[in-house]
Structure formats: C-alpha cells, structure tokens
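Pasted below: coords39.cif, mmCIF, C-alpha atoms and all ligand atoms.
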data_my_file
#
loop_
_atom_site.label_atom_id
_atom_site.label_comp_id
_atom_site.auth_asym_id
_atom_site.auth_seq_id
_atom_site.Cartn_x
_atom_site.Cartn_y
_atom_site.Cartn_z
CA MET A 25 -14.27 -46.34 -41.51
CA ALA A 26 -10.80 -46.82 -40.02
CA GLU A 27 -10.71 -48.91 -36.89
CA GLU A 28 -8.53 -48.04 -33.97
CA PRO A 29 -5.71 -50.54 -33.49
CA GLY A 30 -6.65 -53.27 -31.06
CA THR A 31 -10.38 -52.62 -31.33
CA PRO A 32 -12.12 -55.96 -31.55
CA LYS A 33 -14.48 -56.43 -34.48
CA LYS A 34 -18.01 -55.62 -33.52
CA GLY A 35 -20.10 -58.71 -33.86
CA ILE A 36 -23.37 -57.36 -32.52
CA SER A 37 -25.57 -55.55 -34.95
CA GLY A 38 -27.02 -52.33 -33.62
CA TYR A 39 -28.31 -49.68 -35.94
CA GLY A 40 -28.34 -49.12 -39.63
CA LYS A 41 -27.35 -51.23 -42.55
CA GLY A 42 -23.60 -50.66 -42.71
CA SER A 43 -21.20 -53.53 -43.37
CA VAL A 44 -20.22 -55.65 -40.39
CA ASP A 45 -17.19 -53.61 -39.34
CA THR A 46 -19.08 -50.29 -39.42
CA VAL A 47 -21.98 -51.54 -37.34
CA LEU A 48 -21.91 -50.37 -33.73
CA SER A 49 -23.41 -52.30 -30.89
CA VAL A 50 -26.35 -50.86 -29.00
CA ASP A 51 -24.01 -50.19 -26.06
CA ASP A 52 -21.52 -48.33 -28.27
CA VAL A 53 -24.30 -46.13 -29.58
CA ALA A 54 -25.55 -45.39 -26.08
CA ARG A 55 -22.07 -44.53 -24.79
CA ASP A 56 -21.08 -42.38 -27.76
CA ALA A 57 -24.46 -40.68 -27.81
CA GLU A 58 -23.87 -39.54 -24.21
CA LYS A 59 -20.97 -37.47 -25.51
CA LEU A 60 -23.32 -35.63 -27.85
CA SER A 61 -25.23 -34.24 -24.88
CA ALA A 62 -22.33 -32.11 -23.71
CA ASN A 63 -23.66 -29.09 -25.61
CA LYS A 64 -27.37 -28.88 -24.97
CA PRO A 65 -28.97 -26.72 -27.69
CA PRO A 66 -30.15 -23.36 -26.31
CA LYS A 67 -33.84 -22.49 -26.53
CA GLN A 68 -33.01 -19.71 -28.94
CA GLN A 69 -31.85 -22.33 -31.45
CA LEU A 70 -35.08 -24.32 -31.01
CA THR A 71 -37.10 -21.18 -31.60
CA GLU A 72 -35.20 -20.33 -34.77
CA LEU A 73 -36.01 -23.75 -36.21
CA THR A 74 -39.75 -23.05 -36.10
CA LYS A 75 -39.49 -20.26 -38.73
CA GLY A 76 -42.14 -18.27 -36.93
CA GLU A 77 -44.17 -18.65 -33.81
CA ALA A 78 -44.16 -22.03 -32.09
CA PHE A 79 -47.52 -23.83 -32.26
CA LEU A 80 -46.63 -26.50 -29.74
CA SER A 81 -43.98 -25.81 -27.15
CA ILE A 82 -42.54 -27.68 -24.21
CA ASP A 83 -40.55 -25.92 -21.50
CA GLY A 84 -38.59 -27.66 -18.78
CA LEU A 85 -40.54 -30.91 -18.94
CA VAL A 86 -39.84 -33.37 -16.14
CA ALA A 87 -41.84 -36.56 -16.57
CA GLY A 88 -41.83 -40.29 -16.08
CA TYR A 89 -43.79 -43.28 -14.90
CA GLY A 90 -44.71 -43.47 -11.23
CA LYS A 91 -41.70 -42.25 -9.30
CA MET A 92 -39.26 -43.01 -12.09
CA GLU A 93 -38.11 -39.81 -13.81
CA ILE A 94 -37.37 -40.45 -17.48
CA ILE A 95 -37.44 -36.97 -19.04
CA HIS A 96 -35.28 -34.27 -17.46
CA ASN A 97 -35.78 -30.58 -18.22
CA PHE A 98 -36.74 -31.08 -21.86
CA ASP A 99 -37.65 -28.23 -24.24
CA LEU A 100 -39.28 -28.43 -27.67
CA ARG A 101 -40.62 -26.00 -30.28
CA VAL A 102 -42.56 -26.81 -33.43
CA GLY A 103 -44.37 -24.37 -35.69
CA ALA A 104 -47.89 -24.83 -37.10
CA GLY A 105 -47.77 -27.19 -40.06
CA GLN A 106 -44.20 -28.23 -39.38
CA SER A 107 -42.89 -31.72 -38.71
CA LEU A 108 -40.38 -32.68 -36.04
CA CYS A 109 -38.71 -36.06 -35.66
CA LEU A 110 -37.15 -37.34 -32.44
CA ILE A 111 -34.32 -39.79 -32.85
CA GLY A 112 -31.97 -41.33 -30.31
CA PRO A 113 -30.90 -44.61 -28.75
CA ASN A 114 -33.37 -47.19 -27.59
CA GLY A 115 -34.75 -46.30 -24.19
CA ALA A 116 -33.76 -42.61 -24.47
CA GLY A 117 -37.34 -41.57 -23.68
CA LYS A 118 -38.60 -40.67 -27.17
CA SER A 119 -41.94 -42.43 -26.75
CA THR A 120 -42.19 -41.00 -23.24
CA ILE A 121 -42.13 -37.49 -24.73
CA LEU A 122 -45.08 -38.33 -27.00
CA HIS A 123 -46.81 -39.97 -24.02
CA SER A 124 -46.24 -36.81 -21.99
CA ILE A 125 -47.71 -34.55 -24.66
CA TYR A 126 -50.75 -36.81 -24.81
CA GLY A 127 -51.11 -37.14 -21.05
CA PHE A 128 -50.03 -40.71 -20.35
CA THR A 129 -47.16 -39.92 -17.99
CA ASN A 130 -46.62 -38.46 -14.57
CA ILE A 131 -45.54 -34.87 -15.19
CA THR A 132 -43.71 -33.36 -12.22
CA GLY A 133 -42.40 -30.20 -13.84
CA GLY A 134 -42.62 -27.95 -16.87
CA VAL A 135 -45.28 -26.68 -19.21
CA ILE A 136 -46.68 -27.98 -22.49
CA SER A 137 -48.67 -25.51 -24.52
CA VAL A 138 -50.50 -25.55 -27.82
CA ASN A 139 -51.47 -22.38 -29.60
CA GLY A 140 -50.75 -20.40 -26.46
CA ASN A 141 -52.89 -22.57 -24.17
CA ASP A 142 -51.40 -24.53 -21.29
CA ILE A 143 -52.42 -28.15 -21.84
CA THR A 144 -49.95 -29.78 -19.46
CA ARG A 145 -52.51 -31.32 -17.14
CA LEU A 146 -55.39 -32.11 -19.49
CA SER A 147 -56.50 -35.74 -19.70
CA PRO A 148 -55.90 -37.61 -22.97
CA ASN A 149 -59.62 -37.36 -23.76
CA ASP A 150 -59.54 -33.59 -23.36
CA LYS A 151 -56.40 -33.38 -25.45
CA LEU A 152 -58.12 -35.24 -28.26
CA LYS A 153 -61.52 -33.64 -27.98
CA ASN A 154 -60.64 -30.06 -27.07
CA ALA A 155 -56.95 -29.43 -27.69
CA GLY A 156 -56.70 -30.95 -31.17
CA ILE A 157 -54.00 -33.47 -30.35
CA ALA A 158 -54.16 -37.05 -31.57
CA TYR A 159 -51.84 -39.88 -30.70
CA ILE A 160 -51.41 -42.57 -33.31
CA LEU A 161 -50.98 -45.86 -31.56
CA GLN A 162 -47.92 -47.88 -32.37
CA ASP A 163 -48.38 -51.08 -34.39
CA ASN A 164 -51.20 -53.56 -34.05
CA SER A 165 -53.91 -51.39 -32.61
CA VAL A 166 -56.41 -52.39 -35.30
CA PHE A 167 -59.13 -54.83 -34.22
CA PRO A 168 -58.87 -57.61 -36.81
CA ASP A 169 -62.38 -59.02 -36.34
CA MET A 170 -64.12 -55.68 -36.72
CA THR A 171 -64.70 -54.17 -40.13
CA VAL A 172 -62.59 -51.34 -41.50
CA GLU A 173 -65.53 -48.99 -40.96
CA GLU A 174 -66.10 -50.10 -37.36
CA ASN A 175 -62.40 -49.61 -36.62
CA LEU A 176 -62.56 -46.14 -38.11
CA LEU A 177 -65.66 -45.18 -36.13
CA MET A 178 -63.88 -46.09 -32.91
CA GLY A 179 -61.76 -43.00 -33.53
CA GLY A 180 -64.94 -40.96 -33.05
CA PHE A 181 -65.89 -42.24 -29.62
CA LEU A 182 -65.53 -38.75 -28.20
CA LYS A 183 -67.74 -37.11 -30.82
CA ASP A 184 -70.92 -35.58 -29.49
CA SER A 185 -73.09 -37.68 -31.78
CA THR A 186 -72.72 -40.82 -33.86
CA ASP A 187 -73.86 -38.79 -36.89
CA GLU A 188 -70.78 -36.62 -36.53
CA ALA A 189 -68.57 -39.70 -36.29
CA HIS A 190 -70.16 -41.16 -39.43
CA ALA A 191 -69.72 -37.89 -41.31
CA ALA A 192 -66.05 -37.79 -40.34
CA ALA A 193 -65.62 -41.41 -41.41
CA GLU A 194 -67.13 -40.59 -44.82
CA ARG A 195 -64.62 -37.76 -45.23
CA VAL A 196 -61.83 -40.24 -44.54
CA PHE A 197 -63.28 -42.69 -47.07
CA GLU A 198 -63.46 -39.95 -49.69
CA LYS A 199 -59.79 -39.23 -49.13
CA TYR A 200 -58.55 -42.80 -48.99
CA SER A 201 -60.31 -45.00 -51.54
CA ARG A 202 -58.11 -47.90 -50.47
CA LEU A 203 -60.04 -47.93 -47.21
CA LYS A 204 -63.40 -47.15 -48.79
CA ASP A 205 -63.13 -50.19 -51.07
CA ARG A 206 -62.72 -52.37 -48.01
CA ARG A 207 -65.03 -50.65 -45.57
CA ASP A 208 -67.19 -53.74 -44.93
CA GLN A 209 -64.32 -56.20 -44.80
CA ARG A 210 -62.66 -57.45 -41.65
CA ALA A 211 -59.65 -55.28 -40.83
CA GLY A 212 -57.69 -58.51 -40.40
CA VAL A 213 -57.49 -58.90 -44.19
CA LEU A 214 -55.71 -55.57 -44.73
CA SER A 215 -52.07 -55.46 -45.79
CA GLY A 216 -49.57 -54.03 -43.33
CA GLY A 217 -49.58 -50.71 -45.16
CA GLU A 218 -53.37 -50.49 -45.25
CA ARG A 219 -53.53 -51.30 -41.56
CA ARG A 220 -51.15 -48.43 -40.80
CA LEU A 221 -53.30 -46.16 -42.97
CA LEU A 222 -56.34 -47.23 -40.93
CA GLU A 223 -54.49 -46.43 -37.69
CA ILE A 224 -53.63 -42.97 -39.00
CA SER A 225 -57.16 -42.42 -40.34
CA ARG A 226 -58.74 -43.36 -37.05
CA ALA A 227 -56.82 -40.46 -35.48
CA LEU A 228 -58.09 -38.13 -38.23
CA ILE A 229 -61.72 -38.68 -37.24
CA MET A 230 -61.35 -36.08 -34.48
CA GLU A 231 -59.83 -33.59 -36.94
CA PRO A 232 -56.72 -32.90 -34.86
CA ASP A 233 -54.20 -30.13 -35.51
CA VAL A 234 -51.31 -32.09 -34.05
CA LEU A 235 -50.46 -35.70 -34.84
CA LEU A 236 -48.18 -37.61 -32.48
CA VAL A 237 -46.77 -40.53 -34.42
CA ASP A 238 -44.70 -43.25 -32.77
CA GLU A 239 -42.55 -45.26 -35.20
CA PRO A 240 -44.75 -45.21 -38.30
CA SER A 241 -42.36 -47.48 -40.19
CA ILE A 242 -42.10 -50.21 -37.59
CA GLY A 243 -42.80 -53.71 -38.87
CA LEU A 244 -43.56 -52.57 -42.44
CA GLU A 245 -42.10 -53.80 -45.70
CA PRO A 246 -40.03 -51.08 -47.47
CA ARG A 247 -42.68 -50.25 -50.10
CA PHE A 248 -45.24 -49.66 -47.36
CA ILE A 249 -42.79 -47.50 -45.42
CA ASP A 250 -42.63 -45.11 -48.36
CA MET A 251 -46.42 -45.15 -48.62
CA VAL A 252 -46.83 -44.22 -44.95
CA PHE A 253 -44.37 -41.34 -45.24
CA GLU A 254 -46.24 -40.10 -48.33
CA ILE A 255 -49.49 -40.14 -46.36
CA LEU A 256 -47.89 -38.18 -43.53
CA ASP A 257 -46.34 -35.76 -46.02
CA ASP A 258 -49.77 -35.11 -47.52
CA LEU A 259 -51.31 -34.56 -44.09
CA GLN A 260 -48.60 -32.05 -43.24
CA ASN A 261 -48.33 -30.22 -46.54
CA HIS A 262 -51.92 -30.32 -47.80
CA GLU A 263 -53.92 -30.41 -44.59
CA GLY A 264 -51.61 -28.30 -42.45
CA LYS A 265 -51.18 -30.86 -39.68
CA THR A 266 -48.34 -30.37 -37.24
CA ILE A 267 -46.50 -33.65 -36.82
CA ILE A 268 -44.27 -34.81 -33.99
CA MET A 269 -42.79 -38.18 -34.76
CA VAL A 270 -40.49 -40.75 -33.23
CA GLU A 271 -38.66 -42.90 -35.73
CA GLN A 272 -36.08 -45.62 -35.19
CA ASN A 273 -35.42 -45.47 -38.93
CA ALA A 274 -33.55 -42.21 -38.39
CA LYS A 275 -32.76 -41.70 -42.06
CA LYS A 276 -36.41 -41.87 -43.13
CA GLY A 277 -37.50 -39.77 -40.20
CA LEU A 278 -34.95 -37.00 -40.79
CA GLU A 279 -35.54 -36.99 -44.55
CA PHE A 280 -39.21 -36.45 -43.80
CA ALA A 281 -39.06 -33.94 -40.98
CA ASP A 282 -38.40 -30.20 -41.08
CA ILE A 283 -36.79 -30.37 -37.65
CA GLY A 284 -34.78 -33.15 -36.01
CA TYR A 285 -34.00 -33.59 -32.32
CA VAL A 286 -31.62 -36.12 -30.82
CA LEU A 287 -32.68 -37.34 -27.41
CA VAL A 288 -30.16 -39.04 -25.13
CA SER A 289 -30.98 -40.33 -21.64
CA GLY A 290 -34.10 -38.18 -21.38
CA GLU A 291 -32.34 -34.97 -22.40
CA LEU A 292 -32.10 -33.01 -25.61
CA ALA A 293 -28.61 -33.55 -27.06
CA MET A 294 -28.83 -31.97 -30.52
CA ALA A 295 -31.28 -30.06 -32.68
CA GLY A 296 -31.24 -28.95 -36.29
CA THR A 297 -33.14 -29.07 -39.51
CA GLY A 298 -33.68 -32.65 -40.68
CA ASP A 299 -31.12 -32.03 -43.43
CA GLU A 300 -28.51 -30.67 -41.04
CA LEU A 301 -28.76 -33.75 -38.85
CA LEU A 302 -28.64 -36.04 -41.90
CA GLU A 303 -25.35 -34.44 -42.90
CA ASP A 304 -23.81 -34.51 -39.43
CA PRO A 305 -21.01 -37.09 -39.34
CA GLU A 306 -21.64 -38.10 -35.72
CA ILE A 307 -25.34 -38.62 -36.37
CA GLY A 308 -24.42 -40.59 -39.46
CA ARG A 309 -22.08 -42.83 -37.53
CA LEU A 310 -24.40 -43.41 -34.60
CA PHE A 311 -27.85 -43.49 -36.13
CA LEU A 312 -27.67 -43.73 -39.90
CA GLY A 313 -25.48 -46.79 -40.33
CA GLY A 314 -22.09 -45.13 -40.95
N1 LIG B 1 -45.19 -47.66 -19.13
C1 LIG B 1 -43.96 -47.61 -18.60
N2 LIG B 1 -43.77 -47.78 -17.25
C2 LIG B 1 -42.53 -47.71 -16.70
N3 LIG B 1 -41.40 -47.44 -17.40
C3 LIG B 1 -41.53 -47.26 -18.73
C4 LIG B 1 -42.80 -47.33 -19.38
N4 LIG B 1 -42.59 -47.10 -20.70
C5 LIG B 1 -41.26 -46.90 -20.85
N5 LIG B 1 -40.62 -46.98 -19.66
C6 LIG B 1 -39.17 -46.78 -19.43
O1 LIG B 1 -38.87 -45.45 -19.81
C7 LIG B 1 -37.59 -45.39 -20.44
C8 LIG B 1 -37.74 -44.69 -21.78
O2 LIG B 1 -38.56 -45.50 -22.63
P1 LIG B 1 -39.13 -45.02 -24.02
O3 LIG B 1 -39.68 -43.65 -23.88
O4 LIG B 1 -40.04 -46.07 -24.49
O5 LIG B 1 -37.80 -44.95 -24.90
P2 LIG B 1 -37.64 -44.86 -26.50
O6 LIG B 1 -38.98 -44.62 -27.11
O7 LIG B 1 -36.66 -43.75 -26.70
O8 LIG B 1 -37.03 -46.18 -26.91
C9 LIG B 1 -37.09 -46.83 -20.52
O9 LIG B 1 -36.18 -47.02 -19.47
C10 LIG B 1 -38.33 -47.65 -20.34
O10 LIG B 1 -38.02 -48.87 -19.72
MG MG B 2 -40.23 -45.81 -28.33
#

Written as structure tokens, that's how I'd like the structure from this file.
Amino acid sequence: MAEEPGTPKKGISGYGKGSVDTVLSVDDVARDAEKLSANKPPKQQLTELTKGEAFLSIDGLVAGYGKMEIIHNFDLRVGAGQSLCLIGPNGAGKSTILHSIYGFTNITGGVISVNGNDITRLSPNDKLKNAGIAYILQDNSVFPDMTVEENLLMGGFLKDSTDEAHAAAERVFEKYSRLKDRRDQRAGVLSGGERRLLEISRALIMEPDVLLVDEPSIGLEPRFIDMVFEILDDLQNHEGKTIIMVEQNAKKGLEFADIGYVLVSGELAMAGTGDELLEDPEIGRLFLGG
C-alpha cells in the first residue's frame, strides 16, 4: 500500500496480519471506520439479504448499560437457517447487540422479534426456555473441576425434568464422540478446541433455533479455530440453526457467514453478503489486514 508523504510509520499493531507498514493502529481503524457510517444501509437492503422472510429482526434498537446508551437505532434481519456476522472496531457495541438480543442490557427503544413474536422484554431464562434463543458464553465458561457430563447438564437447568436434561445430553454425546469419550473426565483436561465444543454443546441442550455466538475463535490455536467453524457450519447447514456471531477475526467470520454487518460506534455502517464485504477494499484495509 502506498503511504502518503510525511505519514509516520505506524508502529502500533492493530488488526490483521499485514506487514508492519500496512498495519493500522486501533485509533486509525476507529477514525477511518467512522467514515464508513456516512451511508447507513437502508432496511430494504437488510431485508434483501435474508433471501426470504426474516426469522429474527431488530428494529430501531436503542440499548446500553444503566444510563449509558451504546446502541443507537440499530436494525438487523436474518433469515431462518442463515448466519450473520457482526464485525467492527473494538468497543463498537458488537457484544452489546448479542447481549440485547439475549436480554442482558437496558433496552430503551426498539423491537426485537423472532418468528413474528415480540421478545424484546423477555428475561434471558424465557428467551432460552421459550423463545429458542441460546447465548454461547465467551471463553472460559467451562467449570474445570466438574466432569464434561456435569458441565453439559448445566445447560439443561431450565428443563422441566432432569430426565429431559439427561436425554438431551445423550443426544449431544451421540453427535460429538469427542465429548462422549471424555464424559466422566474433568473438563479441565480438555484441549482448547474441545472446551469450546463443550461450551457450544451446553447451549444445544435446550434445542435452540437461534445461536448467539460471541468470538468463537478467541484464544484458540489455528487448527481449533477451523474445527469450531466446522462445528458451527454443521449446526447451521445440517440442523437449521440461525446463527448470529461476533468475530474479531473478521476474515474467518465473513468467510463463514451468509451476511456481514459492520458496526461502528453503536450504529450499522455497512451490510452485505459475507463475500461482498470480504471483497470490499475499505473492509480489507480496516479489518482484514490490508
Ligand atoms: N457490562 C457493561 N457495563 C457497562 N459498559 C459496558 C459493559 N459491557 C460493555 N460496555 C461498554 O459498551 C461499549 C461497547 O462494548 P462491546 O459491546 O463489548 O463492544 P465490542 O464487542 O464491539 O468490542 C464499550 O464502551 C464498553 O466499555
Ligand atoms: Mg465484544
């Protein structure tokens, strides 16, 4: 990439794996990303990306923590069995959107609906038990001193009976022999990839339609990153799950997802198919390492 005359070499590493002179600092990314938000995508464009009726939709969401407003008038559309990945600078509010869908934030405006039902104000327990939405906790939510099976059963705490939870756990074990082989072992002995699989599986116990996944690749070695994306791909394409994901590894996330959204300062800045965003030069420069 040509540098403007007089531009000092960037010493701080921000995003991506470009060579030193193509790496932008976190501040550069934040400032340049602001410029992307000039043309907010119209709702019509979001609707077209779903290739049919939206299964989960968000209209005019205003949300935050306490009195602090983080998300401003945000819209989203995802079809049944589709995947959508949110990318954007650190602190843009990506996790806050997942938190809002799941019911962890203070929502002061807008509507979130699933399958035509308004779920905006349901508690997280109701979302999981009755609305078919599961939130996969970010990194390190496995209890290392409990067995794999005990960890899995914790995902069924809202089931009406322990028999139902056990039956669901058996279904998970039938699907993932890697976990079955270790069911009686302490979860602490699992590899990073197996631990992530256990975190995902625990969410599957409630048989959700929608999976909210925050940074599935975080802290994993590359070979496990591919494994986790394969697991998510299978859940989407063979089990029909709708997936909304946040991924700092924008390349992996956009390669995976049908739809990509760029979030900047709590607002939607760009939307497209995952492939369209991957090919966009500005996205490449800001989020894909040049
Ligand atoms: N639990 C919380 N309480 C108060 N502020 C929070 C909380 N979680 C995140 N924030 C703030 O919300 C903003 C958006 O954070 P987040 O959604 O985590 O961004 P991202 O996931 O895009 O990096 C940040 O300014 C962050 O400091
Ligand atoms: Mg986050």

### Message
Show me which residues are within 7 Å of ligand MG 2 (chain B) counting all atoms listed in the file, and format the list as a ChimeraX atom specification.
### Response
/A:115,117-119,238

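For the pair atom C2 of ligand LIG 1 (chain B) and atom CA of Asn130 of chain A, the interatomic distance is 10.3 Å.
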
Which centre and edge lengths in Å to one decimal define the box along x, y and z that fits every listed atom of ligand LIG 1 (chain B) plus 5 Å per side, as lines of an AutoDock Vina configuration file?
center_x = -40.7
center_y = -46.3
center_z = -21.9
size_x = 19.0
size_y = 15.2
size_z = 20.4

### Query
Contacts of segment 282-294 of chain A at 6 Å or less, counting all atoms listed in the file, minus same-chain residues fewer than 6 places along, as number ranges by chain?
A: 60-61, 64-65, 94-96, 98, 107-112, 116-117

### Nearest candidate to ligand LIG 1 (chain B) (options A:Gly88, A:Gly243, A:Gly134, A:Gly127; using all atoms listed in the file)
A:Gly88

### Residues within 10 Å of Ser215 of chain A, all atoms listed in the file, excluding chain neighbours under 5 positions, as number ranges by chain
A: 220-221, 244, 248

### Message
Measuring between only C-alpha atoms and all ligand atoms, which one of A:Gln272, A:Asn175, A:Thr71, A:Ser137 shows the shortest distance to ligand LIG 1 (chain B)?
### Response
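Among A:Gln272, A:Asn175, A:Thr71, A:Ser137, it is A:Gln272 that comes nearest to ligand LIG 1 (chain B).
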
### Task
Work out how far apart atom CA of Ile82 of chain A and atom CA of Pro240 of chain A are and give it in Å to one decimal.
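Going from atom CA of Ile82 of chain A over to atom CA of Pro240 of chain A covers 22.6 Å.
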
### Query
What's the 8 Å shell around Met251 of chain A, counting only C-alpha atoms, without same-chain residues fewer than 4 positions away, as number ranges by chain?
A: 217, 247, 255

#### Entry: Counting all atoms listed in the file, the residue of A:Ile267, A:Val237, A:Leu228, A:Ala189 that sits nearest ligand LIG 1 (chain B)
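Among the listed residues, A:Val237 lies closest to ligand LIG 1 (chain B).
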
### Task
Go through A:Gln69, A:Asp205, A:Val53, A:Thr266 and flag the residue nearest Gly308 of chain A, using all atoms listed in the file for the distances.
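Ranked by minimum distance to Gly308 of chain A, first place goes to A:Val53.
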
#### Entry: Atom-to-atom span, atom CA of Glu77 of chain A and atom CA of Leu146 of chain A, Å
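For atom CA of Glu77 of chain A relative to atom CA of Leu146 of chain A, the distance reads 22.6 Å.
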
### Query
Residues at most 8 Å from Val138 of chain A, counting all atoms listed in the file, excluding those fewer than 2 positions away in the same chain, as an MDAnalysis selection string?
chainID A and resid 79:81 136 140:143 155

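Shortest atom-to-atom contact with Ile157 of chain A among A:Gly298, A:Gly105, A:Gly84, A:Pro232: A:Pro232, counting all atoms listed in the file.
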
### Query
With only C-alpha atoms and all ligand atoms as the atoms that count, which of A:His190, A:Lys91, A:Lys67, A:Lys183 lies nearest to ligand LIG 1 (chain B)?
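For ligand LIG 1 (chain B), the nearest of the given residues is A:Lys91.
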
### Residues near Ala274 of chain A, cut-off 8 Å, all atoms listed in the file, skip fewer than 4 positions along chain, as a list in words
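Contacts, in chain order: Ile111, Leu278, Phe311 and Leu312 of chain A.
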
Would you put the residues from that selection into a file with C-alpha atoms, as a PDB file, keeping the file's coordinate frame?
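The resulting file, result20.pdb, is shown below:
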ATOM      1  CA  ILE A 111     -34.320 -39.790 -32.850  1.00  0.00           C
ATOM      2  CA  LEU A 278     -34.950 -37.000 -40.790  1.00  0.00           C
ATOM      3  CA  PHE A 311     -27.850 -43.490 -36.130  1.00  0.00           C
ATOM      4  CA  LEU A 312     -27.670 -43.730 -39.900  1.00  0.00           C
TER       5      LEU A 312
END

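Look at everything within 10 Å of (-63.7, -28.9, -29.7) using only C-alpha atoms, and the residues you get are Asp150, Lys151, Leu152, Lys153, Asn154, Ala155, Gly156, Lys183, Asp184, Met230, Glu231 and Pro232 of chain A.
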